[in-house]
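Reading through the structure tokens given below for one structure.
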Amino acid sequence: MRARSQPEVASIAEAHALLGLTGPTAEPVLTAAFRAAVKAAHPSAPGGDADRFRRVIAAWRLIQSHEARPLALAAPIAPPPSPPVLAIGPIEALNGGHVAVRLAGRTLNIHVPKGLRSGEHLRLRGAGGGGADVYLPVLIRGAEGLSVLGDDLYMDCPVPNRLMEDGGRLEIDTHAGARSAWITAGQAPLRLRLKGLGLPARGGRPQGHLFINLQPSDDAPSAAEDLLVRFTRVWTPDRLAA
């Protein structure tokens with residue numbers, strides 16, 4: 001008798017984790033999370049992997065089948081209007097801040113705590129009809145060269161072809177300031193991980209990391225040109241006069 005092969009994704013919880021979600025969430029958030037995960041996992045992407053690509057698609061299909069609504073035999077009852085999606089950028093997710101949201105004909109200036117993840121819900125006390133609480137589904141959209149998947153941040157960094165071939169020191173401008181990294185000659189896969197520079201720990205979620213996709217480029221400045229730019233940035237006439 002032929003043994004049955006193991007499923008690509010063992011559980012609905014694993015499926016959500018593969019998409020960088022904490023659990024069931026609104027359809028726009030789910031769709032955006034799937035697109036980001038499948039793009040990052042594609043074999044042609046830096047650091048992509050065919051096995052992970054298949055598992056992300058399997059996770060999407062499992063969630064779709066698991067969370068599909070059964071057909072109602074009785075007359076359908078109109079569901080209450082869904083709350084708007086709270087769309088924030090990676091910087092708001094990192095540091096918190098304030099976001100304007102349109103809700104029930106009003107514009108609310110909402111405080112966003114740092115460390116929110118896509119798929120979570122932000123509770124607004126007494127913001128609904130009759131003083132009921134409203135739960136806004138959170139979606140983190142890519143912005144300012146950063147994207148978010150689960151706890152981690154991702155960014156692209158153009159690197160001179162000569163540095164990729166010969167190896168050496170690379171200066172990277174990140175959201176947390178300049179960081180140095182060493183590239184090994186002929187390094188593959190073309191991805192670096194900077195520990196602890198992802199989303200901050202929050203609740204049961206761990207501190208994330210920053211993953212940098214190195215993109216060989218003829219247009220990227222050389223190490224000497226980059227050093228000159230940094231020197232000029234520091235030693236401006238205004239700084240010298242101060």
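Chain lettering (A, B, ...) mirrors the order of the structure tokens, residue numbering begins at 1 for each chain separately, and ligand numbering begins at 1 in order of display.
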- Query: What lies within 9 Å of Arg125 in chain A using only C-alpha atoms, ignoring chain neighbours under 3 positions off, as a PyMOL selection string?
  - Reply: chain A and resi 128+131-135
### Task
Do a neighbour search on range 51-66 of chain A at 6 Å with only C-alpha atoms, toss out local chain neighbours closer than 3 positions, and write the hits as a list in words.
Glu8, Ala15, Ala41 and His42 of chain A
Discussion item. Using DSSP assignments from the backbone, pull out every residue in range 29-237 of chain A that falls under strand (DSSP E or B) and give it to me as a PyMOL selection string.
Written reply: chain A and resi 86-88+97-103+106-112+121-124+134-140+143+146-149+152-160+168-174+177-183+191-194+202+205+210-217
Quick one: write out the picked residues with C-alpha atoms as a PDB file, in the first residue's frame?
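Once written, selection_37.pdb looks like this:
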```pdb
ATOM      1  CA  LEU A  86      -6.453  50.492   9.339  1.00  0.00           C
ATOM      2  CA  ALA A  87      -3.683  50.861   6.757  1.00  0.00           C
ATOM      3  CA  ILE A  88      -0.328  51.980   8.166  1.00  0.00           C
ATOM      4  CA  GLY A  97       2.053  57.322  15.717  1.00  0.00           C
ATOM      5  CA  HIS A  98      -1.307  58.792  14.732  1.00  0.00           C
ATOM      6  CA  VAL A  99      -3.442  57.854  11.730  1.00  0.00           C
ATOM      7  CA  ALA A 100      -6.655  59.479  10.476  1.00  0.00           C
ATOM      8  CA  VAL A 101      -9.481  56.974   9.873  1.00  0.00           C
ATOM      9  CA  ARG A 102     -12.931  57.655   8.469  1.00  0.00           C
ATOM     10  CA  LEU A 103     -15.547  55.822  10.552  1.00  0.00           C
ATOM     11  CA  ARG A 106     -16.486  60.916  11.236  1.00  0.00           C
ATOM     12  CA  THR A 107     -12.750  61.333  10.896  1.00  0.00           C
ATOM     13  CA  LEU A 108     -10.929  59.935  13.911  1.00  0.00           C
ATOM     14  CA  ASN A 109      -7.307  60.624  14.791  1.00  0.00           C
ATOM     15  CA  ILE A 110      -6.247  57.224  16.106  1.00  0.00           C
ATOM     16  CA  HIS A 111      -3.157  56.520  18.194  1.00  0.00           C
ATOM     17  CA  VAL A 112      -1.317  53.524  16.765  1.00  0.00           C
ATOM     18  CA  HIS A 121      -7.173  44.268  15.252  1.00  0.00           C
ATOM     19  CA  LEU A 122      -6.979  47.641  16.978  1.00  0.00           C
ATOM     20  CA  ARG A 123      -9.761  48.189  19.486  1.00  0.00           C
ATOM     21  CA  LEU A 124     -11.566  51.542  19.526  1.00  0.00           C
ATOM     22  CA  VAL A 134     -15.028  48.757  17.085  1.00  0.00           C
ATOM     23  CA  TYR A 135     -12.165  46.496  16.025  1.00  0.00           C
ATOM     24  CA  LEU A 136     -10.193  47.752  13.035  1.00  0.00           C
ATOM     25  CA  PRO A 137      -8.245  45.129  11.034  1.00  0.00           C
ATOM     26  CA  VAL A 138      -4.623  46.208  10.569  1.00  0.00           C
ATOM     27  CA  LEU A 139      -2.789  46.150   7.253  1.00  0.00           C
ATOM     28  CA  ILE A 140       0.845  47.264   6.919  1.00  0.00           C
ATOM     29  CA  ALA A 143       6.364  52.398   1.972  1.00  0.00           C
ATOM     30  CA  LEU A 146      10.378  48.999   3.306  1.00  0.00           C
ATOM     31  CA  SER A 147       7.920  46.125   3.323  1.00  0.00           C
ATOM     32  CA  VAL A 148       6.728  43.951   6.194  1.00  0.00           C
ATOM     33  CA  LEU A 149       6.063  40.225   6.415  1.00  0.00           C
ATOM     34  CA  ASP A 152      10.316  41.131   9.796  1.00  0.00           C
ATOM     35  CA  LEU A 153      11.150  44.080   7.569  1.00  0.00           C
ATOM     36  CA  TYR A 154      12.505  43.810   4.038  1.00  0.00           C
ATOM     37  CA  MET A 155      14.357  46.319   1.865  1.00  0.00           C
ATOM     38  CA  ASP A 156      16.405  46.353  -1.333  1.00  0.00           C
ATOM     39  CA  CYS A 157      19.956  47.672  -1.514  1.00  0.00           C
ATOM     40  CA  PRO A 158      21.814  48.270  -4.809  1.00  0.00           C
ATOM     41  CA  VAL A 159      25.422  47.061  -4.618  1.00  0.00           C
ATOM     42  CA  PRO A 160      28.249  47.720  -7.122  1.00  0.00           C
ATOM     43  CA  GLY A 168      34.283  43.747   1.057  1.00  0.00           C
ATOM     44  CA  ARG A 169      32.575  46.166   3.402  1.00  0.00           C
ATOM     45  CA  LEU A 170      29.140  47.572   2.577  1.00  0.00           C
ATOM     46  CA  GLU A 171      27.522  50.603   4.240  1.00  0.00           C
ATOM     47  CA  ILE A 172      23.717  50.370   4.289  1.00  0.00           C
ATOM     48  CA  ASP A 173      21.323  53.203   5.119  1.00  0.00           C
ATOM     49  CA  THR A 174      18.521  51.643   7.179  1.00  0.00           C
ATOM     50  CA  GLY A 177      20.724  54.592  10.712  1.00  0.00           C
ATOM     51  CA  ALA A 178      23.820  53.447   8.845  1.00  0.00           C
ATOM     52  CA  ARG A 179      24.875  49.827   9.331  1.00  0.00           C
ATOM     53  CA  SER A 180      27.983  48.016   8.084  1.00  0.00           C
ATOM     54  CA  ALA A 181      28.088  44.523   6.662  1.00  0.00           C
ATOM     55  CA  TRP A 182      30.738  42.346   5.042  1.00  0.00           C
ATOM     56  CA  ILE A 183      30.058  40.691   1.716  1.00  0.00           C
ATOM     57  CA  ARG A 191      20.315  38.498   1.248  1.00  0.00           C
ATOM     58  CA  LEU A 192      21.619  39.860   4.542  1.00  0.00           C
ATOM     59  CA  ARG A 193      19.931  39.703   7.938  1.00  0.00           C
ATOM     60  CA  LEU A 194      20.378  42.465  10.510  1.00  0.00           C
ATOM     61  CA  ARG A 202       4.716  43.030  21.335  1.00  0.00           C
ATOM     62  CA  ARG A 205       5.245  38.305  19.083  1.00  0.00           C
ATOM     63  CA  LEU A 210      15.630  43.375   8.881  1.00  0.00           C
ATOM     64  CA  PHE A 211      16.338  41.409   5.701  1.00  0.00           C
ATOM     65  CA  ILE A 212      18.214  43.229   2.961  1.00  0.00           C
ATOM     66  CA  ASN A 213      18.049  42.014  -0.619  1.00  0.00           C
ATOM     67  CA  LEU A 214      21.356  42.821  -2.326  1.00  0.00           C
ATOM     68  CA  GLN A 215      20.834  43.824  -5.931  1.00  0.00           C
ATOM     69  CA  PRO A 216      23.925  43.951  -8.166  1.00  0.00           C
ATOM     70  CA  SER A 217      23.908  47.226 -10.060  1.00  0.00           C
TER      71      SER A 217
END
```
So how many Å separate CA of Pro24 in chain A and CA of Ala93 in chain A, to one decimal?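 Separation of CA of Pro24 in chain A and CA of Ala93 in chain A: 19.5 Å.
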